[in-house]
Amino acid sequence: RKEVEQDPGPFNVPEGATVAFNCTYSNSASQSFFWYRQDCRKEPKLLMSVYSSGNEDGRFTAQLNRASQYISLLIRDSKLSDSATYLCVVNDQAGTALIFGKGTTLSVSS
Amino acid sequence: DTAVSQTPKYLVTQMGNDKSIKCEQNLGHDTMYWYKQDSKKFLKIMFSYNNKELIINETVPNRFSPKSPDKAHLNLHINSLELGDSAVYFCASSQELLSSHTFGSGTRLTVV
């Protein structure tokens, strides 16, 4: 099992749609979880941290399921500007580095 | 002010050459990193530096060497460049080792 796995997509949705991404991780002892966003030919940027109780930031909601070792990202009322690649990030088994998933590509169309 | 800045933005060079990429952060972070993103967009950690000490060194060729003159700078030196080194290299920093990273805008290296 890879350390961090994501469905690469692409997810093609219309504006206003709700879309959800899942990510599974292999290290049951992981403590650090994030979602990053990367636009084409740009650097990754932090979208949100993921907390055990789940957290929300505007249209974005992140959930953590430790028992099943997955995290999710829900985007409500999708905007054209949400089109990007979303990277799931978890700390490694040694607890010394963050491991980035390969990303899920989202394309929002009008 | 750019939080994490790296130069150059683009670098085209011939096989066998030696090159350096510079990185500076003005966030006061304790840890800096170098990542490599290949053509398949996979972002992989290369090095981490915490208070000038190398704390992670993934299995990268020893042709790659990080150098940190101070806490705010982490430069990447690459010797004897090979075609397979072509990629985008990102510098990043964070307050602590496993806290969220702030990335530089990347250096697109092309070896011909």
# chains A, B, ... in the order shown; residues from 1 in each chain; ligands from 1

call {"tool": "closest_atom_pairs", "arguments": {"of": "chain B", "to": "chain A", "cutoff": "7 Å", "atoms": "only C-alpha atoms", "output": "CSV"}}
result
residue,atom,partner,partner_atom,distance
B:Lys41,CA,A:Lys102,CA,6.8
B:Phe42,CA,A:Lys102,CA,5.2
B:Leu43,CA,A:Phe100,CA,6.2
B:Leu97,CA,A:Thr96,CA,6.6
B:Leu98,CA,A:Ala97,CA,6.3
B:Thr102,CA,A:Lys45,CA,7.0
B:Phe103,CA,A:Glu43,CA,6.2
B:Gly104,CA,A:Glu43,CA,6.6
B:Ser105,CA,A:Glu43,CA,5.1
B:Gly106,CA,A:Glu43,CA,6.4

call {"tool": "write_last_selection", "arguments": {"atoms": "N, CA and C atoms", "output": "compact mmCIF listing (two decimals), in the first residue's frame"}}
result
# COMPACT_ATOMS: atom_id res chain seq x y z
N LYS B 41 4.29 14.90 -12.15
CA LYS B 41 3.74 15.80 -11.14
C LYS B 41 3.87 15.27 -9.71
N PHE B 42 4.67 14.21 -9.53
CA PHE B 42 4.82 13.66 -8.19
C PHE B 42 5.82 14.49 -7.41
N LEU B 43 5.42 15.02 -6.26
CA LEU B 43 6.24 15.90 -5.44
C LEU B 43 6.95 15.06 -4.38
N LEU B 97 8.94 20.77 11.99
CA LEU B 97 9.21 19.73 11.01
C LEU B 97 7.94 19.22 10.32
N LEU B 98 6.87 19.00 11.00
CA LEU B 98 5.68 18.43 10.39
C LEU B 98 4.54 19.44 10.28
N THR B 102 5.29 26.40 3.44
CA THR B 102 5.13 27.49 2.48
C THR B 102 6.16 27.26 1.38
N PHE B 103 5.70 27.22 0.14
CA PHE B 103 6.57 26.89 -0.97
C PHE B 103 7.02 28.13 -1.73
N GLY B 104 8.22 28.03 -2.30
CA GLY B 104 8.66 29.00 -3.28
C GLY B 104 7.98 28.71 -4.61
N SER B 105 8.20 29.58 -5.57
CA SER B 105 7.50 29.46 -6.84
C SER B 105 8.11 28.42 -7.78
N GLY B 106 9.22 27.82 -7.39
CA GLY B 106 9.79 26.73 -8.17
C GLY B 106 10.87 27.17 -9.14

call {"tool": "residues_around", "arguments": {"residues": "B:Tyr33", "least_positions_apart": "5", "cutoff": "10 Å", "atoms": "only C-alpha atoms", "output": "list in words"}}
result
Ala97 of chain A; Cys23, Ile45, Met46, Phe47, Ser48, Tyr49, Asn50, Leu54, Ile56, Pro66, Leu74, Asn75, Leu76, Phe90, Cys91, Ala92, Ser93, Ser94, Leu97, His101, Thr102 and Phe103 of chain B

call {"tool": "select_by_dssp", "arguments": {"residues": "stretch 11-80 of chain A", "states": "strand (DSSP E or B)", "output": "ChimeraX atom specification"}}
result
/A:11-14,19-25,33-38,44-49,55-57,60-65,70-75

call {"tool": "closest_residue", "arguments": {"among": "B:Leu81, B:Tyr89, B:Thr59, B:Gln37", "to": "B:Thr107", "atoms": "only C-alpha atoms"}}
result
B:Tyr89

call {"tool": "residues_around", "arguments": {"residues": "A:Ser107", "least_positions_apart": "2", "cutoff": "9 Å", "atoms": "only C-alpha atoms", "output": "JSON, numbers by chain"}}
result
{"A": [10, 11, 12, 13, 14, 80, 82, 83, 84, 85, 105, 109]}

call {"tool": "write_last_selection", "arguments": {"atoms": "N, CA and C atoms", "output": "tab-separated table (two decimals), in the first residue's frame"}}
result
chain	number	residue	atom	x	y	z
A	10	PRO	N	-9.38	12.99	-13.94
A	10	PRO	CA	-9.92	14.28	-13.51
A	10	PRO	C	-11.40	14.22	-13.15
A	11	PHE	N	-11.77	15.11	-12.26
A	11	PHE	CA	-13.16	15.31	-11.92
A	11	PHE	C	-13.63	16.53	-12.72
A	12	ASN	N	-14.60	16.32	-13.58
A	12	ASN	CA	-15.15	17.41	-14.39
A	12	ASN	C	-16.56	17.71	-13.88
A	13	VAL	N	-16.75	18.89	-13.33
A	13	VAL	CA	-18.05	19.23	-12.76
A	13	VAL	C	-18.49	20.60	-13.24
A	14	PRO	N	-19.81	20.85	-13.24
A	14	PRO	CA	-20.29	22.19	-13.61
A	14	PRO	C	-20.21	23.13	-12.41
A	80	LEU	N	-15.45	28.36	-10.93
A	80	LEU	CA	-14.46	28.13	-11.99
A	80	LEU	C	-13.05	28.19	-11.42
A	82	ASP	N	-11.98	27.17	-8.71
A	82	ASP	CA	-11.58	25.99	-7.93
A	82	ASP	C	-10.83	24.98	-8.79
A	83	SER	N	-10.81	25.18	-10.10
A	83	SER	CA	-10.11	24.26	-11.00
A	83	SER	C	-8.63	24.25	-10.65
A	84	ALA	N	-8.13	23.08	-10.28
A	84	ALA	CA	-6.74	22.94	-9.83
A	84	ALA	C	-6.50	21.47	-9.51
A	85	THR	N	-5.31	21.17	-9.06
A	85	THR	CA	-5.00	19.84	-8.54
A	85	THR	C	-4.94	19.92	-7.03
A	105	THR	N	-7.15	15.97	-9.87
A	105	THR	CA	-7.40	17.14	-10.71
A	105	THR	C	-8.88	17.43	-10.80
A	109	SER	N	-16.48	23.71	-14.94
A	109	SER	CA	-16.83	24.38	-16.19
A	109	SER	C	-18.14	25.15	-16.04

call {"tool": "atom_distance", "arguments": {"atom1": "atom CA of B:Lys9", "atom2": "atom CA of B:Ile21"}}
result
9.0 Å

call {"tool": "closest_residue", "arguments": {"among": "A:Thr104, A:Gln6, A:Arg59, A:Gly54", "to": "A:Ser78", "atoms": "only C-alpha atoms"}}
result
A:Arg59

call {"tool": "residues_around", "arguments": {"residues": "A:Gln69", "least_positions_apart": "5", "cutoff": "8 Å", "atoms": "only C-alpha atoms", "output": "list of chain:residue names"}}
result
A:Thr24, A:Tyr25, A:Ser26, A:Asn27, A:Ser28, A:Leu64

call {"tool": "write_last_selection", "arguments": {"atoms": "N, CA, C and O atoms", "output": "tab-separated table (two decimals), in the first residue's frame"}}
result
chain	number	residue	atom	x	y	z
A	24	THR	N	-6.43	8.01	0.97
A	24	THR	CA	-6.11	7.01	1.99
A	24	THR	C	-4.63	7.07	2.32
A	24	THR	O	-3.81	7.42	1.46
A	25	TYR	N	-4.30	6.74	3.55
A	25	TYR	CA	-2.90	6.76	3.97
A	25	TYR	C	-2.57	5.47	4.71
A	25	TYR	O	-3.45	4.84	5.30
A	26	SER	N	-1.30	5.09	4.69
A	26	SER	CA	-0.92	3.78	5.21
A	26	SER	C	-0.43	3.81	6.66
A	26	SER	O	-0.49	2.79	7.35
A	27	ASN	N	0.05	4.95	7.12
A	27	ASN	CA	0.64	5.02	8.45
A	27	ASN	C	-0.41	5.31	9.51
A	27	ASN	O	-0.90	6.44	9.61
A	28	SER	N	-0.76	4.33	10.29
A	28	SER	CA	-1.83	4.49	11.28
A	28	SER	C	-1.44	5.48	12.39
A	28	SER	O	-2.31	5.98	13.11
A	64	LEU	N	-11.51	13.72	8.78
A	64	LEU	CA	-10.48	12.70	9.03
A	64	LEU	C	-11.15	11.47	9.63
A	64	LEU	O	-11.90	11.60	10.59

call {"tool": "closest_residue", "arguments": {"among": "B:Arg108, B:Glu58, B:Asp38, B:Ser80", "to": "B:Gln6", "atoms": "only C-alpha atoms"}}
result
B:Arg108
